[in-house]
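Below is the file input-v1.pdb, which contains PDB, C-alpha atoms.
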```pdb
ATOM      1  CA  MET A 151      68.002 107.925  70.101
ATOM      2  CA  SER A 152      65.027 105.595  70.289
ATOM      3  CA  THR A 153      63.917 102.515  72.200
ATOM      4  CA  LYS A 154      61.215  99.913  71.755
ATOM      5  CA  ILE A 155      58.167  99.530  74.003
ATOM      6  CA  TYR A 156      57.885  95.926  75.175
ATOM      7  CA  LYS A 157      55.048  93.837  76.568
ATOM      8  CA  GLY A 158      53.759  95.468  79.763
ATOM      9  CA  PHE A 159      54.701  98.869  78.243
ATOM     10  CA  GLN A 160      58.274  98.602  79.509
ATOM     11  CA  THR A 161      61.175 100.264  77.721
ATOM     12  CA  ILE A 162      64.941 100.598  78.123
ATOM     13  CA  ILE A 163      66.808 103.790  79.009
ATOM     14  CA  PRO A 164      69.810 103.822  76.658
ATOM     15  CA  SER A 165      73.157 103.188  78.366
ATOM     16  CA  GLU A 166      74.574 106.497  77.105
ATOM     17  CA  ILE A 167      71.850 108.368  79.036
ATOM     18  CA  ARG A 168      72.072 106.065  82.099
ATOM     19  CA  ASN A 169      75.823 106.557  82.318
ATOM     20  CA  LYS A 170      75.810 110.326  81.714
ATOM     21  CA  LEU A 171      73.090 110.897  84.356
ATOM     22  CA  LYS A 172      74.518 108.221  86.704
ATOM     23  CA  LEU A 173      71.132 106.515  86.902
ATOM     24  CA  GLU A 174      70.787 103.530  89.214
ATOM     25  CA  VAL A 175      68.182 100.907  90.079
ATOM     26  CA  ASP A 176      65.277 102.477  92.035
ATOM     27  CA  ASP A 177      65.814 105.963  90.566
ATOM     28  CA  ILE A 178      62.527 107.595  89.566
ATOM     29  CA  VAL A 179      61.431 108.518  86.026
ATOM     30  CA  GLU A 180      58.983 111.446  85.947
ATOM     31  CA  TRP A 181      56.886 112.010  82.828
ATOM     32  CA  PHE A 182      55.229 115.355  82.047
ATOM     33  CA  MET A 183      52.979 116.287  79.121
ATOM     34  CA  ASP A 184      52.163 119.931  78.419
ATOM     35  CA  GLU A 185      48.950 121.242  76.854
ATOM     36  CA  ASN A 186      50.483 120.877  73.375
ATOM     37  CA  GLY A 187      51.264 117.194  73.928
ATOM     38  CA  SER A 188      55.032 117.711  74.231
ATOM     39  CA  ILE A 189      56.671 115.226  76.600
ATOM     40  CA  GLN A 190      59.379 115.995  79.137
ATOM     41  CA  ILE A 191      61.141 113.273  81.105
ATOM     42  CA  ASN A 192      63.028 113.924  84.345
ATOM     43  CA  PHE A 193      65.088 111.526  86.421
ATOM     44  CA  ARG A 194      65.533 111.790  90.177
ATOM     45  CA  LYS A 195      67.016 109.742  92.951
ATOM     46  CA  ARG A 196      64.644 107.833  95.200
ATOM     47  CA  SER A 197      64.244 109.551  98.578
ATOM     48  CA  ASN A 198      65.303 107.662 101.662
ATOM     49  CA  PHE A 199      64.772 108.324 105.350
ATOM     50  CA  GLU A 200      67.932 110.431 105.631
ATOM     51  CA  ASP A 201      66.672 112.709 102.837
ATOM     52  CA  ILE A 202      63.393 113.545 104.560
ATOM     53  CA  ILE A 203      64.538 114.021 108.159
ATOM     54  CA  GLY A 204      63.367 117.381 109.450
ATOM     55  CA  ILE A 205      60.953 118.176 106.619
ATOM     56  CA  GLY A 206      57.762 117.972 108.666
ATOM     57  CA  GLN A 207      56.652 119.134 112.078
ATOM     58  CA  THR A 208      54.555 117.116 114.488
ATOM     59  CA  GLY A 209      53.198 119.769 116.841
ATOM     60  CA  TYR A 210      54.301 117.642 119.829
ATOM     61  CA  LYS A 211      57.621 116.509 121.298
ATOM     62  CA  THR A 212      59.274 113.497 119.710
ATOM     63  CA  ASN A 213      62.350 111.385 120.340
ATOM     64  CA  SER A 214      64.123 111.489 116.974
ATOM     65  CA  VAL A 215      66.605 108.734 117.861
ATOM     66  CA  LYS A 216      63.802 106.376 118.886
ATOM     67  CA  LEU A 217      61.741 107.250 115.794
ATOM     68  CA  LYS A 218      64.723 106.695 113.473
ATOM     69  CA  LYS A 219      65.380 103.264 115.018
ATOM     70  CA  MET A 220      61.715 102.319 114.666
ATOM     71  CA  ALA A 221      61.618 103.457 111.036
ATOM     72  CA  SER A 222      64.799 101.564 110.158
ATOM     73  CA  LYS A 223      63.182  98.392 111.548
ATOM     74  CA  GLY A 224      60.067  98.997 109.451
ATOM     75  CA  LYS A 225      57.864  99.647 112.475
ATOM     76  CA  ARG A 226      54.812 101.848 112.152
ATOM     77  CA  ILE A 227      55.218 105.235 113.805
ATOM     78  CA  ASN A 228      52.230 106.997 115.289
ATOM     79  CA  LYS A 229      51.506 109.474 118.053
ATOM     80  CA  ILE A 230      51.022 106.679 120.630
ATOM     81  CA  ASN A 231      54.538 105.212 120.389
ATOM     82  CA  ARG A 232      56.572 108.400 120.097
TER
END
```
Structure encoded using structure tokens:
Amino acid sequence: MSTKIYKGFQTIIPSEIRNKLKLEVDDIVEWFMDENGSIQINFRKRSNFEDIIGIGQTGYKTNSVKLKKMASKGKRINKINR
């Protein structure tokens, strides 16, 4: 399978691959090149707020409901408004 590189270095992921991997708009394409110049491409879903809840620790008490509401409204979250 092959695709063309267009102006702006854009290319198309063939529909057979998109369908088999259930790729959607906003999914991420990761490109890796090893020391021999071989290329590996991985696809992953874009992370959203629900995916990252609980990953980090703040070192101080927080109100998770309030923080989630603020984040969903696009408000900046910092130590002052916790």
Worksheet item: For this file, the PyMOL selection byres ((chain A and resi 153) around 8) selects which residues, as a VMD selection string?
Response: chain A and resid 151 to 152 154 to 155 161 to 164
Worksheet entry | Pick from A:Thr212, A:Ile191, A:Asn198, A:Ile205, whichever lies nearest to Val179 of chain A using only C-alpha atoms |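 The answer is A:Ile191, which sits nearest to Val179 of chain A.
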Worksheet item: Leaving out Asp176 of chain A and any residue of its chain fewer than 3 positions from it, which residues lie within 10 Å of it when counting all atoms listed in the file, given as a list in words?
Response: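 Counting only the stated atoms, we get Leu173, Val179, Arg194, Lys195, Arg196 and Ser197 of chain A.
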Item to complete: Give me, please, the distance in Å between atom CA of Lys225 of chain A and atom CA of Val175 of chain A, quoted to one decimal.
Response: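 According to the coordinates, atom CA of Lys225 of chain A and atom CA of Val175 of chain A are separated by 24.7 Å.
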Where atoms are absent from segment 167-192 of chain A, fill them in so it carries N, CA and C atoms, then output it as a compact mmCIF listing (two decimals), in the frame of the given file.
```
# COMPACT_ATOMS: atom_id res chain seq x y z
N ILE A 167 72.59 107.48 78.13
CA ILE A 167 71.85 108.37 79.04
C ILE A 167 72.03 107.91 80.47
N ARG A 168 71.89 106.60 80.73
CA ARG A 168 72.07 106.06 82.10
C ARG A 168 73.43 106.43 82.66
N ASN A 169 74.47 106.27 81.86
CA ASN A 169 75.82 106.56 82.32
C ASN A 169 76.05 108.05 82.54
N LYS A 170 75.60 108.87 81.61
CA LYS A 170 75.81 110.33 81.71
C LYS A 170 75.09 110.90 82.94
N LEU A 171 73.87 110.40 83.22
CA LEU A 171 73.09 110.90 84.36
C LEU A 171 73.33 110.10 85.64
N LYS A 172 74.20 109.08 85.55
CA LYS A 172 74.52 108.22 86.70
C LYS A 172 73.26 107.62 87.31
N LEU A 173 72.38 107.12 86.45
CA LEU A 173 71.13 106.52 86.90
C LEU A 173 71.42 105.14 87.50
N GLU A 174 70.64 104.81 88.52
CA GLU A 174 70.79 103.53 89.21
C GLU A 174 69.42 102.89 89.39
N VAL A 175 69.42 101.61 89.77
CA VAL A 175 68.18 100.91 90.08
C VAL A 175 67.46 101.68 91.18
N ASP A 176 66.16 101.78 91.10
CA ASP A 176 65.28 102.48 92.04
C ASP A 176 65.23 103.99 91.84
N ASP A 177 66.00 104.55 90.89
CA ASP A 177 65.81 105.96 90.57
C ASP A 177 64.42 106.12 89.95
N ILE A 178 63.90 107.32 90.00
CA ILE A 178 62.53 107.60 89.57
C ILE A 178 62.54 108.30 88.21
N VAL A 179 61.63 107.86 87.31
CA VAL A 179 61.43 108.52 86.03
C VAL A 179 60.13 109.29 86.13
N GLU A 180 60.18 110.60 85.90
CA GLU A 180 58.98 111.45 85.95
C GLU A 180 58.64 111.88 84.53
N TRP A 181 57.37 111.68 84.17
CA TRP A 181 56.89 112.01 82.83
C TRP A 181 55.92 113.19 82.94
N PHE A 182 56.11 114.19 82.08
CA PHE A 182 55.23 115.36 82.05
C PHE A 182 54.79 115.61 80.61
N MET A 183 53.49 115.93 80.44
CA MET A 183 52.98 116.29 79.12
C MET A 183 52.33 117.66 79.23
N ASP A 184 52.76 118.60 78.38
CA ASP A 184 52.16 119.93 78.42
C ASP A 184 50.88 119.96 77.59
N GLU A 185 50.24 121.11 77.55
CA GLU A 185 48.95 121.24 76.85
C GLU A 185 49.06 121.02 75.35
N ASN A 186 50.27 121.12 74.80
CA ASN A 186 50.48 120.88 73.38
C ASN A 186 50.84 119.42 73.07
N GLY A 187 50.92 118.59 74.12
CA GLY A 187 51.26 117.19 73.93
C GLY A 187 52.75 116.90 73.90
N SER A 188 53.58 117.93 74.17
CA SER A 188 55.03 117.71 74.23
C SER A 188 55.37 117.00 75.53
N ILE A 189 56.29 116.04 75.46
CA ILE A 189 56.67 115.23 76.60
C ILE A 189 58.02 115.68 77.15
N GLN A 190 58.11 115.73 78.46
CA GLN A 190 59.38 116.00 79.14
C GLN A 190 59.60 114.87 80.14
N ILE A 191 60.80 114.35 80.18
CA ILE A 191 61.14 113.27 81.10
C ILE A 191 62.23 113.76 82.04
N ASN A 192 62.03 113.57 83.34
CA ASN A 192 63.03 113.92 84.34
C ASN A 192 63.39 112.68 85.13
```
